[in-house]
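A.B. asks: Attaching a single structure in structure tokens format; questions to follow.
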Amino acid sequence: MDYRSGSQIREDFLRFFEGKGHRRVHSSSLVPHNDPTLLFTNAGMNQFKDVFRGAERRDYVRAVTSQKCVRAGGKHNDLENVGFTRRHHTFFEMLGNFSFGDYFKRDAIAYAWELLTSKEWFGIDKDRLYVTIFEGDAQVPRDDEAEQFWIETGVPKERIIAMSGKDNFWQMGETGPCGPSSEIFYDLGVAASESGEDRPFPEDDQRYVEIWNLVFMQFDRSVTPEGPVLTPLPKPSIDTGMGLERVACVLQGVLSNYETDLFAELVEASKQLVMASAGASSTMDSISGSPLPASYRVIADHARSATFLIADGVLPSNEGRGYVLRKIIRRAIRHGRQRGALGSFFYAMVFPVVKIMGTAYPELVSATESIKKVLQAEEEQFSRTIELDRESLMIWWSSRSLSNLPKYT
Ligand code: GLY
């Protein structure tokens, strides 16, 4: 496997599917258009929801995207885990290929295998890959067809595992297009295992990392007083999602997404900014070579989501999307303060974020100054709140201790 930067991986994915007749479509906004069921765009298929349902037509039947996604608040909420695990993010990029009633399972499986394993493309060792299929439930039968196509593609039967709907039936929310899925996992090796034990797939979720989810879109889910109902879509379709950060981790030979080039510079920038804000007195995190605390990963991750959300028009507020953005910004600031930051630092993270992501998402470049101003204002306001809280706490404690002072006569 050759080293590929995150930008190259994104571009290679898009080019591969363009070569297979897919239209390259720009990411939609993080604020879902006309969809009150969704807080933020959480998957590549969101912008095509009505196309899958047959309610909207486009002048293409195959598409490929690199989609901005936020999973914080609502379904798929990862906020509290972020920074403390190798793979949770509030903002991430989802690479996806889509078929709107054109090709279905057989081609989706063959394309995925070619991109992942061909030497001309990602060149991943086949012996490191496992796939899963839907085991079936009361409403939808076991996906024998997908299993057969994987075998025809060259995957040994013992590397194909049937799993339940929790993992292998994908839906974007309570309602909307959905269907059984096949996931592709990469074995990072026993070194990635938390227990250090050599366990078989799928018993170790640190070692076996899911890199691609192929969804065989077949139903539109609605909720009725009698319970959920699955109505067949007009035409079976394909929706896939590959987390760019995860596949970068695999192709760059590291164990954590935060060690990839998409993050490493941001984590370092967050450390530098916090240390500068902490002043010369702080040497807390200045020893090079020691593992960095989770706080810097939190700040790096949250800087990406805050930058992208503000670029898409979300502003910090006390409700809805703005409230989630405010929570993200404040969580990052609190982590900076835990590492010793005394003044503002977070707003400056916009610059490294734009440097790394601005070519793929030009909307960030034109908005850089305004994003910085929004973050700066929010950071100053939050600092005042923290200061007021601190002062009232001091007053409360001093009044308590004064009234409790022993009386000497
Ligand atoms: N829509 C496929 C996924 O998010 O995994």
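Following the order of the structure tokens, first chain is A, next is B, and so on, with residues numbered from 1 inside each chain and ligands from 1 in the order they appear.
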Which of range 175-408 of chain A counts as alpha helix (DSSP H) under DSSP, as a PyMOL selection string please?
C.D. replies: chain A and resi 244-251+264-278+294-311+320-338+350-357+363-403
A.B. asks: Within 7 Å of range 81-97 of chain A, counting only C-alpha atoms, which residues show up once you throw out same-chain ones fewer than 3 positions away? Write them as a CSV table (one decimal) with C-alpha atoms, in the first residue's frame, please.
C.D. replies:
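Saved to selection_3.csv:
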```
chain,number,residue,atom,x,y,z
A,43,ALA,CA,-24.9,10.7,5.8
A,44,GLY,CA,-24.1,11.1,2.1
A,63,ALA,CA,-23.5,9.9,-8.3
A,64,VAL,CA,-20.4,10.1,-6.1
A,65,THR,CA,-19.8,12.5,-3.3
A,66,SER,CA,-17.6,13.5,-0.4
A,67,GLN,CA,-20.2,14.6,2.1
A,68,LYS,CA,-19.7,16.8,5.2
A,69,CYS,CA,-21.4,15.1,8.1
A,70,VAL,CA,-22.1,16.1,11.7
A,71,ARG,CA,-23.2,13.5,14.3
A,72,ALA,CA,-23.9,15.5,17.5
A,78,ASP,CA,-21.3,10.8,19.4
A,239,ASP,CA,-26.2,4.1,-1.0
A,240,THR,CA,-22.7,3.6,0.4
A,241,GLY,CA,-20.7,5.4,3.2
A,242,MET,CA,-17.0,5.2,3.7
A,243,GLY,CA,-15.6,7.3,6.5
A,244,LEU,CA,-12.6,9.2,5.0
A,256,SER,CA,-6.0,6.2,15.4
A,257,ASN,CA,-7.8,8.6,13.0
A,258,TYR,CA,-6.2,11.4,15.0
A,294,ALA,CA,-7.4,13.8,25.0
A,295,SER,CA,-8.2,17.5,25.3
A,297,ARG,CA,-8.1,15.8,20.2
A,298,VAL,CA,-11.4,17.2,21.5
A,301,ASP,CA,-12.3,17.6,16.3
A,302,HIS,CA,-14.6,20.4,17.6
A,304,ARG,CA,-13.6,21.1,12.4
A,305,SER,CA,-17.3,20.9,13.3
```
A.B. asks: Can you pull out every residue within 6 Å of Gln218 in chain A, counting only C-alpha atoms, but drop anything in the same chain fewer than 2 positions away, and send it as a list in words?
C.D. replies: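 Near Gln218 in chain A, the qualifying residues are Gly179, Pro232, Leu233 and Pro236 of chain A.
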A.B. asks: Report as a PyMOL selection string all protein, DNA and RNA residues lying within 6 Å of range 181-197 of chain A, evaluated on only C-alpha atoms, omitting residues in the same chain fewer than 6 positions from it.
C.D. replies: chain A and resi 128-133+168-169+206-216
A.B. asks: Among range 192-291 of chain A, which ones does DSSP place in strand (DSSP E or B), written as a VMD selection string?
C.D. replies: chain A and resid 208 to 224 227 to 243
